[in-house]
Amino acid sequence: MSAAAVVVLTATVAAAQNLDAGKSPAKLFADGCASCHRSPRGLAKGRFSLTLSWFLKDHYATSSDSARVLAAYLQSVDEPPPRGPAKPAKKPARSAPRPPKPVQTQ
Ligand code: HEC
């Protein structure tokens, strides 16, 4: 490989990394992920950030930097909202069927 080719290759890689580095995680998601995943919510599923960034790097061939940034982003939006319960409140099991009582006549 000629020295010129090496320089061009290196410059291309560096430019690509700089482009990625300038984007916010929300923009990274909108550009690269939103076509398939409508929302970043619910993707992290409580995974560790290491597992998650490894998954992103492995599946989507993002740079390790963007993978880490995206993993952190997914985790941050995955947290349940501070107010407003997502789950319906559990009712106490008061309506459980009881065995029929014998009818008492006096
Ligand atoms: C071409 C469509 C497509 C794109 C683009 C895409 N994904 Fe996915 N993704 C999928 C599919 C399909 C699955 C489910 C299959 C699987 O788990 O491998 C998935 C699974 C995942 C999961 C695991 C969710 C789970 O339920 O286990 C995460 C996290 C994820 N994607 C994040 C991302 C991120 C971040 C990006 C952007 C860098 C992205 N995806 C881009 C199609 C896509």
# chains A, B, ... in the order shown; residues from 1 in each chain; ligands from 1
$ closest_atom_pairs --of "chain A" --to "ligand 1" --cutoff "9 Å" --atoms "only C-alpha atoms and all ligand atoms" --output "JSON lines"
{"residue": "A:Leu28", "atom": "CA", "partner": "ligand 1", "partner_atom_place_in_ligand_line": "38 (C)", "distance": 6.9}
{"residue": "A:Phe29", "atom": "CA", "partner": "ligand 1", "partner_atom_place_in_ligand_line": "37 (C)", "distance": 5.3}
{"residue": "A:Ala30", "atom": "CA", "partner": "ligand 1", "partner_atom_place_in_ligand_line": "37 (C)", "distance": 8.0}
{"residue": "A:Asp31", "atom": "CA", "partner": "ligand 1", "partner_atom_place_in_ligand_line": "37 (C)", "distance": 7.7}
{"residue": "A:Gly32", "atom": "CA", "partner": "ligand 1", "partner_atom_place_in_ligand_line": "37 (C)", "distance": 4.6}
{"residue": "A:Cys33", "atom": "CA", "partner": "ligand 1", "partner_atom_place_in_ligand_line": "37 (C)", "distance": 3.5}
{"residue": "A:Ala34", "atom": "CA", "partner": "ligand 1", "partner_atom_place_in_ligand_line": "5 (C)", "distance": 6.8}
{"residue": "A:Ser35", "atom": "CA", "partner": "ligand 1", "partner_atom_place_in_ligand_line": "5 (C)", "distance": 5.8}
{"residue": "A:Cys36", "atom": "CA", "partner": "ligand 1", "partner_atom_place_in_ligand_line": "2 (C)", "distance": 4.4}
{"residue": "A:His37", "atom": "CA", "partner": "ligand 1", "partner_atom_place_in_ligand_line": "7 (N)", "distance": 6.1}
{"residue": "A:Pro40", "atom": "CA", "partner": "ligand 1", "partner_atom_place_in_ligand_line": "35 (C)", "distance": 7.4}
{"residue": "A:Gly42", "atom": "CA", "partner": "ligand 1", "partner_atom_place_in_ligand_line": "26 (O)", "distance": 7.7}
{"residue": "A:Leu43", "atom": "CA", "partner": "ligand 1", "partner_atom_place_in_ligand_line": "29 (C)", "distance": 4.5}
{"residue": "A:Ala44", "atom": "CA", "partner": "ligand 1", "partner_atom_place_in_ligand_line": "29 (C)", "distance": 5.3}
{"residue": "A:Lys45", "atom": "CA", "partner": "ligand 1", "partner_atom_place_in_ligand_line": "25 (C)", "distance": 7.1}
{"residue": "A:Arg47", "atom": "CA", "partner": "ligand 1", "partner_atom_place_in_ligand_line": "29 (C)", "distance": 8.8}
{"residue": "A:Leu52", "atom": "CA", "partner": "ligand 1", "partner_atom_place_in_ligand_line": "29 (C)", "distance": 6.3}
{"residue": "A:Ser53", "atom": "CA", "partner": "ligand 1", "partner_atom_place_in_ligand_line": "29 (C)", "distance": 8.4}
{"residue": "A:Phe55", "atom": "CA", "partner": "ligand 1", "partner_atom_place_in_ligand_line": "29 (C)", "distance": 7.0}
{"residue": "A:Leu56", "atom": "CA", "partner": "ligand 1", "partner_atom_place_in_ligand_line": "35 (C)", "distance": 6.0}
{"residue": "A:Lys57", "atom": "CA", "partner": "ligand 1", "partner_atom_place_in_ligand_line": "38 (C)", "distance": 8.4}
{"residue": "A:His59", "atom": "CA", "partner": "ligand 1", "partner_atom_place_in_ligand_line": "18 (O)", "distance": 7.3}
{"residue": "A:Tyr60", "atom": "CA", "partner": "ligand 1", "partner_atom_place_in_ligand_line": "38 (C)", "distance": 5.7}
{"residue": "A:Ala61", "atom": "CA", "partner": "ligand 1", "partner_atom_place_in_ligand_line": "38 (C)", "distance": 8.1}
{"residue": "A:Thr62", "atom": "CA", "partner": "ligand 1", "partner_atom_place_in_ligand_line": "38 (C)", "distance": 6.7}
{"residue": "A:Ser66", "atom": "CA", "partner": "ligand 1", "partner_atom_place_in_ligand_line": "38 (C)", "distance": 8.3}
{"residue": "A:Ala67", "atom": "CA", "partner": "ligand 1", "partner_atom_place_in_ligand_line": "38 (C)", "distance": 7.5}
{"residue": "A:Leu70", "atom": "CA", "partner": "ligand 1", "partner_atom_place_in_ligand_line": "35 (C)", "distance": 5.9}
{"residue": "A:Ala71", "atom": "CA", "partner": "ligand 1", "partner_atom_place_in_ligand_line": "35 (C)", "distance": 7.0}
{"residue": "A:Tyr73", "atom": "CA", "partner": "ligand 1", "partner_atom_place_in_ligand_line": "35 (C)", "distance": 8.8}
{"residue": "A:Leu74", "atom": "CA", "partner": "ligand 1", "partner_atom_place_in_ligand_line": "35 (C)", "distance": 7.2}
$ residues_around --residues "A:Gly46" --least-positions-apart "4" --cutoff "12 Å" --atoms "only C-alpha atoms" --output "ChimeraX atom specification"
/A:41-42,50-52,71-72,74-80
